[in-house]
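**Student:** protein35.csv is reproduced in full below (CSV, C-alpha atoms).
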```csv
chain,number,residue,atom,x,y,z
A,2,MET,CA,0.0,0.0,0.0
A,3,THR,CA,2.2,2.8,-1.3
A,4,VAL,CA,0.2,6.0,-1.2
A,5,ARG,CA,0.6,7.7,2.2
A,6,ARG,CA,-0.4,11.0,3.7
A,7,SER,CA,1.8,13.7,5.1
A,8,ALA,CA,0.7,17.0,6.4
A,9,ALA,CA,3.1,18.8,4.1
A,10,ALA,CA,1.3,17.5,1.0
A,11,LEU,CA,-2.2,17.2,2.3
A,12,ALA,CA,-2.4,20.8,3.5
A,13,ALA,CA,-3.0,21.7,-0.1
A,14,ALA,CA,-6.5,20.4,0.3
A,15,SER,CA,-7.6,23.6,1.9
A,16,ALA,CA,-6.5,25.5,-1.2
A,17,VAL,CA,-8.3,23.1,-3.4
A,18,LEU,CA,-11.6,23.9,-1.7
A,19,CYS,CA,-11.0,27.5,-2.6
A,20,GLY,CA,-10.7,26.6,-6.3
A,21,ALA,CA,-7.0,25.7,-6.7
A,22,VAL,CA,-6.2,22.7,-8.8
A,23,ALA,CA,-2.8,21.0,-8.6
A,24,ALA,CA,-1.8,18.3,-11.0
A,25,ALA,CA,1.4,17.3,-9.3
A,26,PRO,CA,2.5,16.3,-5.8
A,27,ALA,CA,2.6,19.1,-3.3
A,28,ALA,CA,6.1,20.3,-2.9
A,29,THR,CA,6.0,23.0,-0.3
A,30,ALA,CA,6.4,22.6,3.4
A,31,ALA,CA,3.4,23.1,5.7
A,32,PRO,CA,2.8,22.6,9.4
A,33,SER,CA,1.6,19.2,10.5
A,34,PRO,CA,-1.9,18.9,11.8
A,35,SER,CA,-1.8,19.1,15.5
A,36,PRO,CA,-2.7,16.0,17.4
A,37,SER,CA,-6.3,15.9,18.5
A,38,PRO,CA,-7.2,14.9,22.1
A,39,SER,CA,-8.0,11.2,22.1
A,40,ALA,CA,-11.3,12.0,23.8
A,41,ALA,CA,-12.4,14.0,20.7
A,42,LEU,CA,-11.7,11.1,18.3
A,43,PRO,CA,-14.1,8.3,17.4
A,44,ALA,CA,-13.8,5.3,19.8
A,45,GLY,CA,-13.2,2.8,17.0
A,46,LEU,CA,-10.4,4.8,15.2
A,47,TYR,CA,-6.7,3.8,15.3
A,48,GLY,CA,-4.3,6.5,16.3
A,49,THR,CA,-4.5,9.8,18.2
A,50,LYS,CA,-3.5,12.4,15.6
A,51,ASP,CA,-5.8,14.5,13.6
A,52,PRO,CA,-7.5,12.1,11.1
A,53,THR,CA,-8.7,14.7,8.7
A,54,TYR,CA,-6.4,13.6,5.9
A,55,ASP,CA,-5.7,10.0,6.7
A,56,GLY,CA,-8.4,8.5,9.0
A,57,VAL,CA,-9.7,5.9,6.5
A,58,TRP,CA,-6.2,5.3,5.2
A,59,ARG,CA,-4.6,4.4,8.5
A,60,GLN,CA,-7.7,2.5,9.6
A,61,SER,CA,-7.6,0.4,6.4
A,62,LEU,CA,-3.8,-0.3,6.7
A,63,ALA,CA,-4.2,-1.3,10.4
A,64,LEU,CA,-7.0,-3.8,9.6
A,65,LEU,CA,-5.0,-5.2,6.6
A,66,ALA,CA,-1.9,-5.7,8.8
A,67,GLN,CA,-4.0,-7.3,11.6
A,68,ASP,CA,-5.5,-9.7,9.0
A,69,ALA,CA,-2.1,-10.6,7.7
A,70,VAL,CA,-1.1,-11.9,11.2
A,71,LYS,CA,-4.4,-13.4,12.0
A,72,VAL,CA,-5.4,-10.8,14.6
A,73,VAL,CA,-9.2,-10.5,14.8
A,74,PRO,CA,-9.9,-6.8,15.1
A,75,SER,CA,-12.4,-5.1,17.3
A,76,GLU,CA,-15.9,-5.0,15.8
A,77,GLN,CA,-15.9,-1.3,16.8
A,78,ALA,CA,-12.9,-0.7,14.6
A,79,VAL,CA,-14.5,-2.5,11.6
A,80,ASP,CA,-17.8,-0.7,12.1
A,81,TRP,CA,-16.0,2.7,12.1
A,82,LEU,CA,-14.5,1.9,8.7
A,83,THR,CA,-17.7,0.7,7.1
A,84,GLY,CA,-19.5,3.7,8.6
A,85,GLN,CA,-17.2,6.0,6.6
A,86,GLN,CA,-18.5,4.9,3.2
A,87,CYS,CA,-20.7,7.3,1.3
A,88,ALA,CA,-24.0,6.1,-0.1
A,89,ASN,CA,-22.5,6.1,-3.6
A,90,GLY,CA,-19.8,3.6,-2.6
A,91,ALA,CA,-16.9,6.1,-2.2
A,92,PHE,CA,-14.8,7.0,0.8
A,93,ALA,CA,-13.5,10.4,1.8
A,94,SER,CA,-10.3,10.7,3.7
A,95,TYR,CA,-12.3,11.2,6.9
A,96,ARG,CA,-15.9,12.0,7.7
A,97,PRO,CA,-16.2,13.4,11.2
A,98,ASP,CA,-20.0,12.9,11.2
A,99,PRO,CA,-20.9,9.7,9.3
A,100,ALA,CA,-24.6,10.4,9.9
A,101,GLU,CA,-24.3,13.5,7.6
A,102,PRO,CA,-24.8,12.4,4.0
A,103,CYS,CA,-21.9,12.9,1.5
A,104,GLY,CA,-22.5,15.9,-0.7
A,105,ILE,CA,-20.9,17.9,-3.5
A,106,LYS,CA,-18.3,19.4,-1.0
A,107,THR,CA,-17.3,16.0,0.3
A,108,MET,CA,-13.7,15.4,-1.0
A,109,LEU,CA,-14.1,11.8,-2.4
A,110,ASP,CA,-10.8,10.0,-2.3
A,111,THR,CA,-9.8,7.1,-4.7
A,112,ASN,CA,-6.9,6.1,-2.5
A,113,ALA,CA,-8.9,5.9,0.7
A,114,THR,CA,-11.6,4.0,-1.2
A,115,ALA,CA,-9.1,1.5,-2.7
A,116,ALA,CA,-7.4,0.9,0.7
A,117,ALA,CA,-10.8,0.5,2.4
A,118,LEU,CA,-12.0,-2.0,-0.2
A,119,GLN,CA,-8.8,-4.1,0.2
A,120,ALA,CA,-9.4,-4.1,4.0
A,121,LEU,CA,-13.0,-5.1,3.7
A,122,VAL,CA,-12.2,-7.9,1.2
A,123,ALA,CA,-9.5,-9.2,3.5
A,124,LEU,CA,-11.9,-9.2,6.5
A,125,GLY,CA,-14.7,-10.9,4.5
A,126,GLY,CA,-18.4,-10.4,4.9
A,127,HIS,CA,-18.7,-7.0,3.2
A,128,LYS,CA,-19.7,-7.9,-0.3
A,129,ASP,CA,-22.3,-5.1,-0.7
A,130,ALA,CA,-19.9,-2.4,0.4
A,131,VAL,CA,-17.1,-3.7,-1.8
A,132,ASP,CA,-19.4,-3.9,-4.8
A,133,LYS,CA,-20.6,-0.4,-4.3
A,134,GLY,CA,-17.0,0.8,-4.0
A,135,VAL,CA,-16.0,-0.9,-7.3
A,136,ILE,CA,-18.9,0.7,-9.1
A,137,TRP,CA,-17.9,4.1,-7.9
A,138,LEU,CA,-14.3,3.6,-9.0
A,139,LYS,CA,-15.5,2.7,-12.4
A,140,GLN,CA,-17.6,5.9,-12.5
A,141,VAL,CA,-14.5,8.1,-11.9
A,142,GLN,CA,-12.1,6.3,-14.1
A,143,ASN,CA,-10.2,8.8,-16.4
A,144,GLU,CA,-10.3,8.5,-20.2
A,145,ASP,CA,-6.7,7.3,-20.2
A,146,GLY,CA,-7.8,4.3,-18.1
A,147,GLY,CA,-6.3,5.5,-14.8
A,148,TRP,CA,-7.2,7.4,-11.7
A,149,SER,CA,-6.3,10.6,-9.9
A,150,TYR,CA,-6.2,11.1,-6.1
A,151,ASN,CA,-9.5,13.0,-6.2
A,152,PRO,CA,-11.8,12.6,-9.2
A,153,GLY,CA,-11.4,15.2,-11.9
A,154,ALA,CA,-7.6,15.6,-11.9
A,155,PRO,CA,-5.1,13.9,-14.3
A,156,SER,CA,-4.2,10.3,-13.6
A,157,ASP,CA,-1.1,9.4,-11.5
A,158,ALA,CA,0.8,6.2,-11.2
A,159,ASN,CA,0.2,5.8,-7.4
A,160,SER,CA,-3.6,6.2,-7.5
A,161,THR,CA,-3.9,4.0,-10.6
A,162,ALA,CA,-1.8,1.3,-9.0
A,163,ILE,CA,-3.6,1.2,-5.7
A,164,VAL,CA,-7.0,1.1,-7.5
A,165,ILE,CA,-5.8,-1.8,-9.6
A,166,SER,CA,-4.8,-3.6,-6.4
A,167,SER,CA,-8.2,-3.0,-4.9
A,168,LEU,CA,-9.9,-4.3,-8.0
A,169,ALA,CA,-7.7,-7.4,-8.0
A,170,ALA,CA,-8.6,-8.0,-4.4
A,171,ALA,CA,-12.3,-7.7,-5.2
A,172,LYS,CA,-11.8,-10.1,-8.2
A,173,ALA,CA,-13.2,-7.3,-10.4
A,174,ARG,CA,-10.8,-8.0,-13.3
A,175,PRO,CA,-9.1,-4.6,-13.7
A,176,GLY,CA,-7.8,-5.6,-17.2
A,177,THR,CA,-11.4,-5.6,-18.4
A,178,MET,CA,-12.4,-2.2,-16.9
A,179,THR,CA,-12.2,0.1,-19.9
A,180,SER,CA,-12.6,3.8,-20.1
A,181,GLY,CA,-14.8,5.6,-22.7
A,182,ASP,CA,-11.7,5.6,-24.9
A,183,GLY,CA,-11.4,1.9,-24.5
A,184,ARG,CA,-8.3,2.0,-22.4
A,185,THR,CA,-7.7,-0.1,-19.3
A,186,PRO,CA,-6.0,0.7,-16.0
A,187,TYR,CA,-3.0,-1.1,-17.1
A,188,ASP,CA,-2.7,1.1,-20.2
A,189,ALA,CA,-2.5,4.1,-17.9
A,190,LEU,CA,-0.1,2.4,-15.5
A,191,VAL,CA,2.5,1.5,-18.1
A,192,SER,CA,2.5,5.0,-19.5
A,193,PHE,CA,4.3,6.1,-16.3
A,194,ALA,CA,7.1,3.6,-16.8
A,195,LEU,CA,10.6,4.8,-17.7
A,196,PRO,CA,12.4,2.9,-20.4
A,197,CYS,CA,15.3,0.6,-19.6
A,198,THR,CA,17.5,3.0,-21.5
A,199,ASP,CA,16.8,5.9,-19.2
A,200,PRO,CA,20.2,6.8,-17.6
A,201,ALA,CA,18.7,8.1,-14.3
A,202,GLY,CA,15.9,5.7,-13.7
A,203,ALA,CA,15.9,2.6,-15.9
A,204,GLY,CA,12.7,0.6,-15.2
A,205,ALA,CA,11.3,3.0,-12.6
A,206,PHE,CA,7.9,4.6,-12.6
A,207,ALA,CA,7.2,8.3,-12.4
A,208,TYR,CA,4.3,9.7,-10.3
A,209,GLN,CA,3.3,11.9,-13.3
A,210,PRO,CA,5.1,13.6,-16.1
A,211,ASP,CA,6.7,16.9,-15.1
A,212,THR,CA,5.8,20.2,-16.7
A,213,THR,CA,7.9,19.4,-19.8
A,214,GLY,CA,6.4,15.9,-20.1
A,215,LYS,CA,9.5,14.1,-18.8
A,216,LEU,CA,9.2,11.1,-16.6
A,217,LEU,CA,11.3,11.1,-13.4
A,218,ALA,CA,11.9,8.1,-11.3
A,219,ASN,CA,9.9,8.0,-8.1
A,220,GLY,CA,10.3,5.4,-5.4
A,221,ASP,CA,6.8,5.7,-4.1
A,222,ALA,CA,5.3,5.4,-7.5
A,223,THR,CA,7.6,2.4,-8.4
A,224,ALA,CA,6.7,0.4,-5.3
A,225,ALA,CA,3.0,1.0,-5.9
A,226,ALA,CA,3.3,0.2,-9.6
A,227,VAL,CA,5.1,-3.1,-9.1
A,228,LEU,CA,2.3,-4.4,-6.9
A,229,GLY,CA,-0.4,-3.1,-9.2
A,230,GLY,CA,1.3,-4.1,-12.4
A,231,LEU,CA,1.5,-7.7,-11.1
A,232,GLY,CA,-2.2,-7.5,-10.1
A,233,ARG,CA,-1.4,-8.1,-6.5
A,234,ALA,CA,-3.3,-6.8,-3.4
A,235,LEU,CA,-2.6,-6.6,0.3
A,236,PRO,CA,-2.0,-8.5,2.5
A,237,PHE,CA,0.5,-10.4,0.4
A,238,LYS,CA,3.0,-13.1,1.2
A,239,GLY,CA,5.6,-13.3,-1.5
A,240,PRO,CA,6.6,-16.5,-3.4
A,241,LYS,CA,10.0,-18.2,-3.0
A,242,PRO,CA,12.7,-16.0,-4.5
A,243,GLY,CA,13.4,-16.4,-8.2
A,244,GLY,CA,16.3,-15.1,-10.3
A,245,ALA,CA,17.7,-11.7,-10.2
A,246,PRO,CA,15.4,-8.9,-11.5
A,247,THR,CA,16.1,-7.6,-14.9
A,248,CYS,CA,15.1,-4.6,-17.0
A,249,GLU,CA,14.0,-5.6,-20.5
A,250,THR,CA,12.5,-3.4,-23.2
A,251,GLU,CA,9.5,-4.6,-25.1
A,252,ALA,CA,8.1,-3.1,-28.3
A,253,LYS,CA,4.7,-2.9,-26.6
A,254,PRO,CA,5.3,-2.8,-22.9
A,255,THR,CA,3.1,-5.2,-20.9
A,256,PRO,CA,2.0,-4.5,-17.3
A,257,GLU,CA,3.9,-7.5,-15.9
A,258,ARG,CA,7.1,-6.7,-17.8
A,259,SER,CA,6.9,-3.0,-16.7
A,260,ALA,CA,6.3,-4.1,-13.1
A,261,ARG,CA,9.3,-6.4,-13.2
A,262,ASN,CA,11.4,-3.6,-14.7
A,263,GLY,CA,10.3,-1.6,-11.7
A,264,ALA,CA,11.4,-4.3,-9.4
A,265,HIS,CA,14.8,-4.2,-11.0
A,266,TRP,CA,15.0,-0.4,-10.3
A,267,LEU,CA,14.0,-1.0,-6.7
A,268,ALA,CA,16.6,-3.7,-6.2
A,269,THR,CA,19.3,-1.6,-7.8
A,270,THR,CA,18.5,1.4,-5.7
A,271,LEU,CA,18.2,-0.4,-2.4
A,272,ALA,CA,21.5,-2.1,-3.0
A,273,LYS,CA,23.3,1.3,-2.6
A,274,THR,CA,22.2,2.2,0.9
A,275,GLY,CA,19.6,-0.4,2.0
A,276,HIS,CA,16.8,2.2,1.9
A,277,LEU,CA,15.0,4.6,-0.5
A,278,ASP,CA,15.3,8.3,0.0
A,279,SER,CA,12.8,11.1,-0.2
A,280,PRO,CA,13.9,14.3,-1.9
A,281,PRO,CA,14.2,17.4,0.4
A,282,LEU,CA,11.4,19.9,0.5
A,283,PRO,CA,12.3,23.3,-0.9
A,284,GLY,CA,13.7,25.5,1.8
A,285,ALA,CA,14.5,22.6,4.1
A,286,ALA,CA,17.4,23.3,6.5
A,287,ASP,CA,19.1,20.1,5.4
A,288,PRO,CA,19.0,19.8,1.5
A,289,ALA,CA,20.3,16.3,1.6
A,290,PRO,CA,17.9,13.5,0.7
A,291,GLN,CA,16.4,11.8,3.8
A,292,PRO,CA,15.7,8.1,4.3
A,293,ASP,CA,12.2,7.2,3.5
A,294,PHE,CA,11.0,4.5,5.9
A,295,GLY,CA,7.5,4.1,4.4
A,296,ASN,CA,8.7,3.7,0.8
A,297,THR,CA,11.4,1.4,1.9
A,298,ALA,CA,8.8,-0.9,3.6
A,299,ASP,CA,6.7,-0.7,0.5
A,300,ALA,CA,9.7,-1.7,-1.7
A,301,VAL,CA,10.1,-4.8,0.5
A,302,VAL,CA,6.5,-5.7,-0.3
A,303,ALA,CA,6.9,-5.0,-4.0
A,304,LEU,CA,10.1,-7.0,-4.3
A,305,SER,CA,8.6,-9.9,-2.4
A,306,ALA,CA,5.5,-9.8,-4.7
A,307,ALA,CA,7.8,-9.9,-7.7
A,308,GLY,CA,9.6,-13.0,-6.4
A,309,HIS,CA,12.8,-11.1,-5.5
A,310,LYS,CA,12.6,-10.9,-1.7
A,311,ASN,CA,16.2,-11.9,-1.5
A,312,LYS,CA,17.0,-8.5,-3.0
A,313,ALA,CA,15.0,-6.9,-0.1
A,314,ALA,CA,17.0,-8.6,2.7
A,315,GLY,CA,19.2,-5.5,3.2
A,316,ALA,CA,16.2,-3.2,3.3
A,317,LEU,CA,14.4,-5.3,5.8
A,318,ALA,CA,17.5,-5.4,8.0
A,319,TRP,CA,17.8,-1.6,7.7
A,320,LEU,CA,14.2,-1.2,8.8
A,321,GLN,CA,14.6,-3.6,11.7
A,322,GLN,CA,17.5,-1.5,13.0
A,323,ASN,CA,16.2,2.0,12.2
A,324,SER,CA,12.5,2.3,12.0
A,325,ALA,CA,11.4,2.3,15.7
A,326,ALA,CA,11.3,6.0,16.2
A,327,TRP,CA,9.7,6.7,12.9
A,328,ALA,CA,6.9,4.1,13.6
A,329,LYS,CA,6.3,5.5,17.1
A,330,GLU,CA,5.9,9.0,15.7
A,331,ASN,CA,3.7,8.1,12.8
A,332,GLY,CA,1.5,5.6,14.5
A,333,PRO,CA,-0.9,2.9,13.1
A,334,ALA,CA,-0.2,3.4,9.4
A,335,ALA,CA,3.6,3.1,10.0
A,336,TYR,CA,3.3,0.1,12.2
A,337,ALA,CA,1.0,-1.5,9.6
A,338,GLN,CA,3.4,-0.8,6.8
A,339,LEU,CA,6.2,-2.6,8.7
A,340,VAL,CA,3.9,-5.5,9.6
A,341,LEU,CA,2.9,-5.9,5.9
A,342,ALA,CA,6.6,-5.7,4.8
A,343,ALA,CA,7.7,-8.4,7.3
A,344,HIS,CA,4.7,-10.5,6.4
A,345,ALA,CA,5.4,-10.2,2.6
A,346,TYR,CA,9.0,-11.1,3.2
A,347,GLY,CA,8.3,-14.0,5.5
A,348,ALA,CA,9.9,-12.4,8.6
A,349,ASP,CA,8.2,-12.4,12.0
A,350,PRO,CA,6.5,-9.1,12.8
A,351,ARG,CA,6.3,-10.1,16.4
A,352,ASP,CA,10.1,-10.0,16.6
A,353,PHE,CA,11.1,-7.2,14.3
A,354,GLY,CA,14.5,-6.0,15.4
A,355,GLY,CA,13.5,-7.0,18.9
A,356,ALA,CA,10.1,-5.2,18.7
A,357,ASP,CA,6.7,-6.7,18.6
A,358,LEU,CA,5.1,-4.7,15.8
A,359,VAL,CA,1.8,-6.5,16.2
A,360,ALA,CA,1.4,-5.5,19.8
A,361,GLN,CA,2.5,-2.0,19.0
A,362,LEU,CA,-0.1,-1.7,16.3
A,363,ASN,CA,-2.8,-3.2,18.4
A,364,ALA,CA,-2.1,-0.7,21.1
A,365,THR,CA,-3.0,2.2,18.8
A,366,GLY,CA,-6.6,1.3,18.6
A,367,PRO,CA,-9.5,-0.6,20.3
A,368,ALA,CA,-8.5,-3.9,21.8
A,369,PRO,CA,-8.8,-6.7,19.2
A,370,GLU,CA,-11.1,-9.6,19.6
A,371,SER,CA,-8.3,-12.1,19.4
A,372,THR,CA,-4.5,-11.7,19.4
A,373,VAL,CA,-3.4,-15.3,19.5
A,374,ALA,CA,-0.4,-15.9,17.3
A,375,PRO,CA,-1.2,-18.5,14.6
A,376,THR,CA,0.5,-21.8,14.3
A,377,PRO,CA,3.1,-21.5,11.5
A,378,SER,CA,1.9,-23.0,8.2
A,379,PRO,CA,3.7,-23.4,4.9
A,380,ALA,CA,3.8,-20.2,2.9
A,381,THR,CA,1.7,-20.1,-0.2
A,382,ALA,CA,3.0,-18.7,-3.4
A,383,GLY,CA,0.0,-16.7,-4.5
A,384,ASN,CA,-2.1,-13.8,-3.2
A,385,GLU,CA,-5.6,-15.2,-2.5
A,386,PRO,CA,-7.5,-12.6,-0.5
A,387,THR,CA,-10.5,-13.8,1.4
A,388,GLY,CA,-13.9,-12.3,1.3
A,389,SER,CA,-16.4,-11.6,-1.5
A,390,ASP,CA,-15.9,-12.3,-5.2
A,391,THR,CA,-17.3,-9.5,-7.4
A,392,ALA,CA,-17.0,-11.4,-10.6
A,393,GLY,CA,-20.3,-10.8,-12.2
A,394,ILE,CA,-20.6,-7.3,-10.8
A,395,TRP,CA,-20.5,-5.6,-14.1
A,396,TRP,CA,-24.3,-5.8,-14.7
A,397,ILE,CA,-24.5,-3.6,-11.6
A,398,VAL,CA,-21.9,-1.2,-13.0
A,399,GLY,CA,-24.2,0.0,-15.9
A,400,ALA,CA,-26.9,0.8,-13.4
A,401,GLY,CA,-24.4,2.5,-11.1
A,402,LEU,CA,-23.1,4.6,-13.9
A,403,ALA,CA,-26.6,5.8,-14.9
A,404,ALA,CA,-27.4,6.6,-11.3
A,405,GLY,CA,-24.1,8.4,-10.9
A,406,ALA,CA,-24.7,10.8,-13.8
A,407,GLY,CA,-24.5,14.4,-12.7
A,408,ILE,CA,-22.5,13.7,-9.5
A,409,GLY,CA,-20.3,16.7,-8.7
A,410,PHE,CA,-16.7,16.1,-7.7
A,411,VAL,CA,-14.5,18.4,-5.8
A,412,ILE,CA,-11.2,18.6,-7.8
A,413,SER,CA,-8.0,18.5,-5.8
A,414,GLY,CA,-4.4,17.7,-6.4
A,415,ARG,CA,-2.4,14.7,-5.4
A,416,ARG,CA,-1.7,14.6,-1.7
A,417,LYS,CA,1.4,12.5,-1.0
A,418,ASN,CA,3.6,11.5,1.9
A,419,LYS,CA,7.3,12.2,1.9
A,420,GLN,CA,8.0,11.0,5.5
```
As a first step, turn the structure in this file into structure tokens.

**Tutor:**
Amino acid sequence: MTVRRSAAALAAASAVLCGAVAAAPAATAAPSPSPSPSAALPAGLYGTKDPTYDGVWRQSLALLAQDAVKVVPSEQAVDWLTGQQCANGAFASYRPDPAEPCGIKTMLDTNATAAALQALVALGGHKDAVDKGVIWLKQVQNEDGGWSYNPGAPSDANSTAIVISSLAAAKARPGTMTSGDGRTPYDALVSFALPCTDPAGAGAFAYQPDTTGKLLANGDATAAAVLGGLGRALPFKGPKPGGAPTCETEAKPTPERSARNGAHWLATTLAKTGHLDSPPLPGAADPAPQPDFGNTADAVVALSAAGHKNKAAGALAWLQQNSAAWAKENGPAAYAQLVLAAHAYGADPRDFGGADLVAQLNATGPAPESTVAPTPSPATAGNEPTGSDTAGIWWIVGAGLAAGAGIGFVISGRRKNKQ
């Protein structure tokens, strides 16, 4: 799950509500949302910080991570997530009053929706909610086949990839979901892939083209695109390691080949320092790139999904040694990313550099129904999410599209974490 929220990027949302539209990631520093008193937060919500920009996101990741390690979450936590869904099937980043219907000013969020759908599929028993979410995602698909963070903006690799993963989890066959122009989500995704001949980012994915149309390698986008390009969803446990990842140019790039080229870039980049970096924000006191813990965790998941977890060993060891303070500061989403990385790799998240990530995650929300560690079982090579199968949903989509005509969407720019 590679799209994350930071206050610096998400603060742009207030400007969007005033009519500003941004087509690229926010790049200016902004103050972090101040933590809200825990008494003011919903009882079922994970974390104690202001959930305005990441409530649904962090809740979904927490539930996905708990599912990965066979923790049965609190019913209160699951009910909070399902209560955030709008009547049209979408999720906003956070709705402080779920009893108030979603309206034209509700900032509907494809990333929150995709994350929530993966969590609900993993938990099982939420077929209607998942079906409605899939229908809404179809309604807001861009003509190029992809998705933006908020409906109405240009597609980006991160949003497109996470939606693909959610559709794969729901068994909604993303390769058959065509736009009005007849393009699929995979068509959009491969358009963000850098060629193997690119000297600065061979095989990587860009978030979006820059103002000149050039594609620039982006670790967040690449980790997301590898998982999406392979049609994988969370939680995922990688297959046994295969050969070394390679970058190969095809006359007509396929999603899988592009994803494997992305895995090659991740492996090559991680080999240098053991972690990915985030570029400094303009005006930062220290202009040097900073280690990006979240993207490094996501890269471990992506390489494991591609069958190259042996190339992620150094990154996992680096996270075990260095991520404790970052996770404590960032709370449930950070703990969940580390749990999912350990799970995908095949490591024990209950003994992660001496820390019990599962206990730390559980402590950020309502007490789970069950926390008994499962008896080890042989790892499976595939990703077989539990829950509802939405094959056959497409007869509903037509009706949903008709019902969705005239829906107004608040346009906003991409909001992206550079922790």

**Student:** Which polymer residues have any atom within 6 Å of an atom of region 237-247 of chain A, counting all atoms listed in the file, with same-chain residues fewer than 2 positions away left out, as a PDB file with C-alpha atoms, keeping the file's coordinate frame?

**Tutor:**
```pdb
ATOM      1  CA  LEU A 235      -2.600  -6.600   0.300  1.00  0.00           C
ATOM      2  CA  HIS A 265      14.800  -4.200 -11.000  1.00  0.00           C
ATOM      3  CA  SER A 305       8.600  -9.900  -2.400  1.00  0.00           C
ATOM      4  CA  ALA A 306       5.500  -9.800  -4.700  1.00  0.00           C
ATOM      5  CA  GLY A 308       9.600 -13.000  -6.400  1.00  0.00           C
ATOM      6  CA  HIS A 309      12.800 -11.100  -5.500  1.00  0.00           C
ATOM      7  CA  LYS A 310      12.600 -10.900  -1.700  1.00  0.00           C
ATOM      8  CA  ALA A 345       5.400 -10.200   2.600  1.00  0.00           C
ATOM      9  CA  ALA A 382       3.000 -18.700  -3.400  1.00  0.00           C
ATOM     10  CA  ASN A 384      -2.100 -13.800  -3.200  1.00  0.00           C
TER      11      ASN A 384
END
```

**Student:** Nearest residue to Ala234 (chain A) out of A:Asp55, A:Val135, A:Pro369, A:Ile163, using all atoms listed in the file?

**Tutor:**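 Between A:Asp55, A:Val135, A:Pro369, A:Ile163, the residue approaching Ala234 (chain A) most closely is A:Ile163.
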
**Student:** At a cut-off of 12 Å, can you tabulate as CSV every residue of region 201-241 of chain A near region 175-191 of chain A together with its closest atom pair and the distance in Å to one decimal, using only C-alpha atoms and ordering rows by chain then number?

**Tutor:**
```
residue,atom,partner,partner_atom,distance
A:Gly204,CA,A:Val191,CA,10.6
A:Ala205,CA,A:Val191,CA,10.5
A:Phe206,CA,A:Val191,CA,8.3
A:Ala207,CA,A:Leu190,CA,9.9
A:Tyr208,CA,A:Leu190,CA,10.0
A:Gln209,CA,A:Leu190,CA,10.3
A:Leu216,CA,A:Val191,CA,11.8
A:Ala222,CA,A:Leu190,CA,10.1
A:Thr223,CA,A:Leu190,CA,10.5
A:Ala225,CA,A:Leu190,CA,10.2
A:Ala226,CA,A:Leu190,CA,7.2
A:Val227,CA,A:Leu190,CA,9.9
A:Leu228,CA,A:Leu190,CA,11.2
A:Gly229,CA,A:Leu190,CA,8.4
A:Gly230,CA,A:Tyr187,CA,7.0
A:Leu231,CA,A:Tyr187,CA,10.0
A:Gly232,CA,A:Pro175,CA,8.3
A:Arg233,CA,A:Pro175,CA,11.1
```

**Student:** Determine the nearest neighbour of Lys128 (chain A) from the options A:Ala93, A:Pro102, A:Ala171, A:Gln140, counting only C-alpha atoms.

**Tutor:**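 Of A:Ala93, A:Pro102, A:Ala171, A:Gln140, the one nearest Lys128 (chain A), counting only C-alpha atoms, is A:Ala171.
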
**Student:** Just the residues within 6 Å of region 146-153 of chain A, please, counting only C-alpha atoms, with nothing from its chain fewer than 2 positions along; format it as a PyMOL selection string.

**Tutor:** chain A and resi 110-111+141-144+155-157+160-161+180+184-186+189+412-413+415

**Student:** What is the CA of Thr270 (chain A)-CA of Gly202 (chain A) distance in Å, reported with one decimal?

**Tutor:**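 Taking CA of Thr270 (chain A) as the start and CA of Gly202 (chain A) as the end point, the length is 9.4 Å.
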
**Student:** Hey, can you check how far CA of Leu267 (chain A) sits from CA of Leu168 (chain A)?

**Tutor:**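 These atoms are spaced 24.2 Å apart.
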
**Student:** Between A:Lys133, A:Lys172, A:His344, A:Lys71, which has the minimum distance to Leu317 (chain A) (counting all atoms listed in the file)?

**Tutor:**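 Of A:Lys133, A:Lys172, A:His344, A:Lys71, the one nearest Leu317 (chain A), counting all atoms listed in the file, is A:His344.
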
**Student:** What does the structure give for the distance between CA of Ala356 (chain A) and CA of Leu277 (chain A), in Å to one decimal?

**Tutor:** 22.1 Å
